[in-house]
Amino acid sequence: MSIRIGELIDSEVSQLLIDFTDRVDRAEASVSTGVGTSTLRDITYRTNVVIGILI
């Protein structure tokens, strides 16, 4: 299993994120990365592809 920029995350990874994270976790990740919470939610639920970010 790998995560590649420009592709959807694996369905297994998606299910793990759904089961073990919530909106508070996405908000904290958003602050840390500068990626919007809605983008993180979309990636989690596989409605958007993984994006590349510079940290």
# chains A, B, ... in the order shown; residues from 1 in each chain; ligands from 1
>>> select_by_dssp(residues="chain A", states="alpha helix (DSSP H)", output="count of residues only")
29
>>> residues_around(residues="Leu8 (chain A)", least_positions_apart="2", cutoff="7 Å", atoms="only C-alpha atoms", output="ChimeraX atom specification")
/A:10,46,48-50
>>> residues_around(residues="Arg26 (chain A)", least_positions_apart="4", cutoff="10 Å", atoms="only C-alpha atoms", output="PDB file with N, CA and C atoms, in the first residue's frame")
ATOM      1  N   LEU A  17      -8.770   5.891   8.415  1.00  0.00           N
ATOM      2  CA  LEU A  17      -8.937   7.311   8.759  1.00  0.00           C
ATOM      3  C   LEU A  17     -10.360   7.602   9.229  1.00  0.00           C
ATOM      4  N   THR A  21     -10.122   8.738  13.091  1.00  0.00           N
ATOM      5  CA  THR A  21      -9.925  10.185  13.157  1.00  0.00           C
ATOM      6  C   THR A  21     -11.270  10.882  13.057  1.00  0.00           C
ATOM      7  N   ASP A  22     -11.273  12.159  13.424  1.00  0.00           N
ATOM      8  CA  ASP A  22     -12.509  12.934  13.339  1.00  0.00           C
ATOM      9  C   ASP A  22     -12.187  14.355  12.881  1.00  0.00           C
ATOM     10  N   SER A  30      -4.835  20.380   9.548  1.00  0.00           N
ATOM     11  CA  SER A  30      -4.949  21.561   8.701  1.00  0.00           C
ATOM     12  C   SER A  30      -4.037  22.681   9.192  1.00  0.00           C
ATOM     13  N   VAL A  31      -4.035  22.908  10.494  1.00  0.00           N
ATOM     14  CA  VAL A  31      -3.175  23.946  11.078  1.00  0.00           C
ATOM     15  C   VAL A  31      -1.706  23.609  10.835  1.00  0.00           C
ATOM     16  N   SER A  32      -1.361  22.341  10.988  1.00  0.00           N
ATOM     17  CA  SER A  32       0.035  21.918  10.832  1.00  0.00           C
ATOM     18  C   SER A  32       0.527  21.988   9.393  1.00  0.00           C
ATOM     19  N   VAL A  35      -3.224  22.768   4.705  1.00  0.00           N
ATOM     20  CA  VAL A  35      -4.210  22.175   3.801  1.00  0.00           C
ATOM     21  C   VAL A  35      -5.578  22.338   4.451  1.00  0.00           C
ATOM     22  N   GLY A  36      -6.564  22.779   3.698  1.00  0.00           N
ATOM     23  CA  GLY A  36      -7.890  23.021   4.245  1.00  0.00           C
ATOM     24  C   GLY A  36      -8.557  21.772   4.795  1.00  0.00           C
ATOM     25  N   THR A  37      -9.397  21.980   5.803  1.00  0.00           N
ATOM     26  CA  THR A  37     -10.097  20.847   6.409  1.00  0.00           C
ATOM     27  C   THR A  37     -11.003  20.142   5.416  1.00  0.00           C
ATOM     28  N   SER A  38     -11.612  20.886   4.517  1.00  0.00           N
ATOM     29  CA  SER A  38     -12.500  20.236   3.531  1.00  0.00           C
ATOM     30  C   SER A  38     -11.690  19.375   2.565  1.00  0.00           C
ATOM     31  N   THR A  39     -10.489  19.808   2.222  1.00  0.00           N
ATOM     32  CA  THR A  39      -9.626  18.993   1.358  1.00  0.00           C
ATOM     33  C   THR A  39      -9.218  17.722   2.076  1.00  0.00           C
ATOM     34  N   LEU A  40      -8.851  17.841   3.346  1.00  0.00           N
ATOM     35  CA  LEU A  40      -8.490  16.652   4.117  1.00  0.00           C
ATOM     36  C   LEU A  40      -9.670  15.699   4.244  1.00  0.00           C
ATOM     37  N   ARG A  41     -10.865  16.240   4.445  1.00  0.00           N
ATOM     38  CA  ARG A  41     -12.057  15.394   4.524  1.00  0.00           C
ATOM     39  C   ARG A  41     -12.284  14.688   3.187  1.00  0.00           C
ATOM     40  N   THR A  44      -9.879  11.898   2.802  1.00  0.00           N
ATOM     41  CA  THR A  44     -10.267  10.799   3.699  1.00  0.00           C
ATOM     42  C   THR A  44     -11.383   9.957   3.097  1.00  0.00           C
TER      43      THR A  44
END
>>> residues_around(residues="Ile3 (chain A)", least_positions_apart="6", cutoff="12 Å", atoms="only C-alpha atoms", output="PyMOL selection string")
chain A and resi 9-14+43+49-52
>>> write_last_selection(atoms="N, CA and C atoms", output="compact mmCIF listing (two decimals), in the first residue's frame")
# COMPACT_ATOMS: atom_id res chain seq x y z
N ILE A 9 -6.46 7.85 -2.14
CA ILE A 9 -5.83 6.95 -1.18
C ILE A 9 -6.51 5.59 -1.29
N ASP A 10 -5.82 4.58 -0.83
CA ASP A 10 -6.32 3.22 -0.83
C ASP A 10 -7.59 3.13 0.02
N SER A 11 -8.52 2.30 -0.35
CA SER A 11 -9.77 2.19 0.40
C SER A 11 -9.52 1.72 1.84
N GLU A 12 -8.50 0.90 2.05
CA GLU A 12 -8.17 0.45 3.41
C GLU A 12 -7.67 1.63 4.26
N VAL A 13 -6.84 2.47 3.69
CA VAL A 13 -6.36 3.66 4.41
C VAL A 13 -7.53 4.59 4.71
N SER A 14 -8.40 4.75 3.73
CA SER A 14 -9.59 5.58 3.92
C SER A 14 -10.42 5.08 5.10
N ILE A 43 -10.12 13.93 0.91
CA ILE A 43 -9.11 12.88 0.72
C ILE A 43 -9.47 11.66 1.56
N VAL A 49 -8.22 13.69 -4.72
CA VAL A 49 -6.92 13.02 -4.76
C VAL A 49 -5.95 13.66 -3.77
N VAL A 50 -4.89 12.93 -3.48
CA VAL A 50 -3.83 13.42 -2.59
C VAL A 50 -3.11 14.57 -3.29
N ILE A 51 -2.85 15.63 -2.54
CA ILE A 51 -2.14 16.78 -3.09
C ILE A 51 -0.74 16.86 -2.51
N GLY A 52 0.16 17.48 -3.24
CA GLY A 52 1.52 17.68 -2.75
C GLY A 52 1.59 19.00 -2.00
